[in-house]
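Inspection log for the structure reproduced underneath, given as structure tokens.
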Amino acid sequence: MKPEHMEEKRMIRHSLALAAALSGMAALSGSALAQANEQFIPALVYRTGAYAPNGIPFANGVADYWTLINERDGGINGVKIIFEECETGYATDKGVECYERLKSKGPTGAAYFSPLSTGITFALTEKVPTDKIPLLTMGYGRSESKNGAVFPWNFIAVGSYWTAADVAIQHIAKELGGFDNLKGKKISLVYHDSPYGKEPILALEARAKLNGFTFKAIPVTHQGVEQKSQWLAIRQDRPDYVLLWGWGVMNSTSIKEAAAVAYPRDKIIGVWWSGAEPDVIPAGDQATGYKALMLQHPGGKFKVHDDLEKFVIAKDKSAGKDTFAQVLYNRGIINSMIGVEAIRKAQEKYGKKPLTGEQVRWGFENLVLSAERLKELGFEGMLKPMKFTCQDHQGADEARVHQWDGKQWKIISDYYKADLSILDPLVKEQADKYAKEKNITPRDCSKES
């Protein structure tokens, strides 16, 4: 072969190699660019174990709403959501392990965590101030974390367990014909022997002192499947009402044991984590008449479900369509909606890009979900408007009651507003106590913008 032909072939090979290299670099650059425009949100879940019946529908709702934001909107103002589940089994140690593993993922780290466990929340409350990652604990967690001056990283959205306890007593008073008729009555609390189950006790003790009823707290050990002795004691004591603070299989077990000792189910009122389909369906007809608090929202379809069906269910991208529109599925989509809107709010200040947990915390603290905005989002009828501030990290203090008729939940009350003249002093007392124990100087919210 002539030298000039060999040189020509060499140049062609060089050009092809260069083109391939440039093409690869472009692909890598595009991939890196895509990854740089993603917001990572972790999901602590429990799809296995004794608490899975309740954990699964919630986790499905959480994931499906994030998928909806990506599929319908292309992300949050163009920033795609990436998420990863980590199985905790409702165990605090596993929850902490998941937190440590996921907190630094994504281009800017975790936007926020939702532990779905009061025990895990207690543990992470000690860690998030250092890591600067907010906790969204909707309807659970430390009740005193409503005080954002002491707990700047905790957002106990929609209601606390003290909200729930107070509303439960208000509903009992209404059934009895007034608060005066609480005097001399006996009210027992059957509770999961964990930080979750113990959380309402302070508020119930305050109400008992104020309203003159006898209060008794009855613990049930993890996992909640052994309750015969507790319900035999209830049969002997004959309380006028029983409040149930259970979770997972504990709830349906309580209803079955109540039936076994002939305790009337319409005199049992569960917290909002004891008032979903998995809590009553396993008990069959024995659950008829059982009542539970609502974290405002019911089960069933609302406007947002039309979009979920179109962009998630129909595309076979649902995390679990068999739980679609159930009570806890709906709670999951509400949880994700609040988190997404906090990120969207933070983008107004920091730009339409992946944000750090510290930036998202500002979004939570300045989030206003008006009636108009809830309607735009498709949540009209599910939630009432709420507003978070530096001082108020709860945003709402209302709840309703529904009752199982054997086939479905029926709403049986209007909204009750928790009595803040009772609860606010408790919040201040316990938040101040925590601040002193942890050597925390509360923020001056009057100086916060």
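Chain labels run A, B, ... following the order of the structure tokens; each chain numbers its residues from 1, and ligands are numbered from 1 in the order shown.
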Residues at most 10 Å from range 258-269 of chain A, counting only C-alpha atoms, excluding those fewer than 5 positions away in the same chain, as a ChimeraX atom specification?
-> /A:168-169,171-172,187-190,227-228,230-236,238-245,252-253,274-275,283,285-293,401-404
As a PyMOL selection string, please: all residues of range 302-390 of chain A that backbone DSSP puts in strand (DSSP E or B).
-> chain A and resi 368-369+380+383+386-387
For Asp444 in chain A, which residue among A:Thr221, A:Asn154, A:Gln391, A:Gln296 is the nearest when counting only C-alpha atoms?
->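 Distance minimum relative to Asp444 in chain A lands on A:Gln391.
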Step one, run DSSP on the backbone; step two, keep only residues of range 207-347 of chain A assigned to alpha helix (DSSP H); then write them as JSON, numbers by chain.
-> {"A": [207, 208, 209, 210, 211, 228, 229, 230, 231, 232, 233, 234, 235, 236, 237, 249, 250, 251, 252, 253, 254, 255, 256, 257, 258, 259, 260, 277, 278, 279, 280, 303, 304, 305, 306, 307, 308, 327, 328, 329, 330, 331, 332, 333, 334, 335, 336, 337, 338, 339, 340, 341, 342, 343, 344, 345, 346, 347]}
Just write the chosen residues, C-alpha atoms, as a short mmCIF file (atom, residue, chain, number, x, y, z; two decimals), in the first residue's frame.
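The resulting file, again08.cif, is shown below:
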```
data_model
loop_
_atom_site.label_atom_id
_atom_site.label_comp_id
_atom_site.auth_asym_id
_atom_site.auth_seq_id
_atom_site.Cartn_x
_atom_site.Cartn_y
_atom_site.Cartn_z
CA ARG A 207 -58.33 16.93 80.33
CA ALA A 208 -59.14 14.48 83.15
CA LYS A 209 -58.07 17.05 85.73
CA LEU A 210 -60.09 19.79 84.04
CA ASN A 211 -63.25 17.79 83.32
CA LYS A 228 -56.55 -10.75 76.32
CA SER A 229 -55.51 -9.61 79.80
CA GLN A 230 -56.01 -5.94 78.89
CA TRP A 231 -59.56 -6.48 77.66
CA LEU A 232 -60.46 -8.74 80.57
CA ALA A 233 -59.40 -5.86 82.84
CA ILE A 234 -61.59 -3.52 80.79
CA ARG A 235 -64.54 -5.88 81.22
CA GLN A 236 -64.02 -5.77 84.99
CA ASP A 237 -63.45 -2.01 85.17
CA VAL A 249 -52.32 -5.72 63.52
CA MET A 250 -52.79 -4.35 67.05
CA ASN A 251 -55.85 -2.40 65.88
CA SER A 252 -57.90 -5.27 64.47
CA THR A 253 -56.80 -7.42 67.42
CA SER A 254 -58.17 -4.80 69.84
CA ILE A 255 -61.52 -4.78 68.07
CA LYS A 256 -61.73 -8.59 68.15
CA GLU A 257 -60.82 -8.73 71.84
CA ALA A 258 -63.36 -6.01 72.63
CA ALA A 259 -66.00 -8.14 70.94
CA ALA A 260 -64.87 -11.20 72.89
CA GLU A 277 -59.49 -0.13 56.23
CA PRO A 278 -56.77 -2.54 57.49
CA ASP A 279 -57.91 -1.84 61.07
CA VAL A 280 -61.50 -2.97 60.60
CA LYS A 303 -59.95 15.68 42.06
CA VAL A 304 -56.30 14.70 42.53
CA HIS A 305 -57.27 11.05 42.04
CA ASP A 306 -58.35 11.78 38.45
CA ASP A 307 -54.78 12.78 37.64
CA LEU A 308 -53.36 9.84 39.57
CA VAL A 327 -57.63 6.21 53.95
CA LEU A 328 -53.90 5.62 54.39
CA TYR A 329 -53.16 5.87 50.65
CA ASN A 330 -54.79 9.29 50.73
CA ARG A 331 -52.71 10.20 53.76
CA GLY A 332 -49.61 9.24 51.83
CA ILE A 333 -50.44 11.50 48.89
CA ILE A 334 -51.19 14.36 51.31
CA ASN A 335 -47.83 13.80 53.00
CA SER A 336 -46.02 14.00 49.67
CA MET A 337 -48.06 17.00 48.53
CA ILE A 338 -47.01 18.98 51.63
CA GLY A 339 -43.38 18.04 51.03
CA VAL A 340 -43.53 18.94 47.32
CA GLU A 341 -45.19 22.28 48.08
CA ALA A 342 -42.52 23.06 50.66
CA ILE A 343 -39.85 22.45 48.00
CA ARG A 344 -41.80 24.56 45.52
CA LYS A 345 -42.03 27.38 48.09
CA ALA A 346 -38.29 27.15 48.77
CA GLN A 347 -37.60 27.40 45.02
#
```
What separates CA of Ile422 in chain A and CA of Cys445 in chain A is a distance of 22.2 Å
Between CA of Asp73 in chain A and CA of Asp322 in chain A, measure the distance and give it in Å to one decimal.
->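 Separating CA of Asp73 in chain A from CA of Asp322 in chain A is a distance of 24.4 Å.
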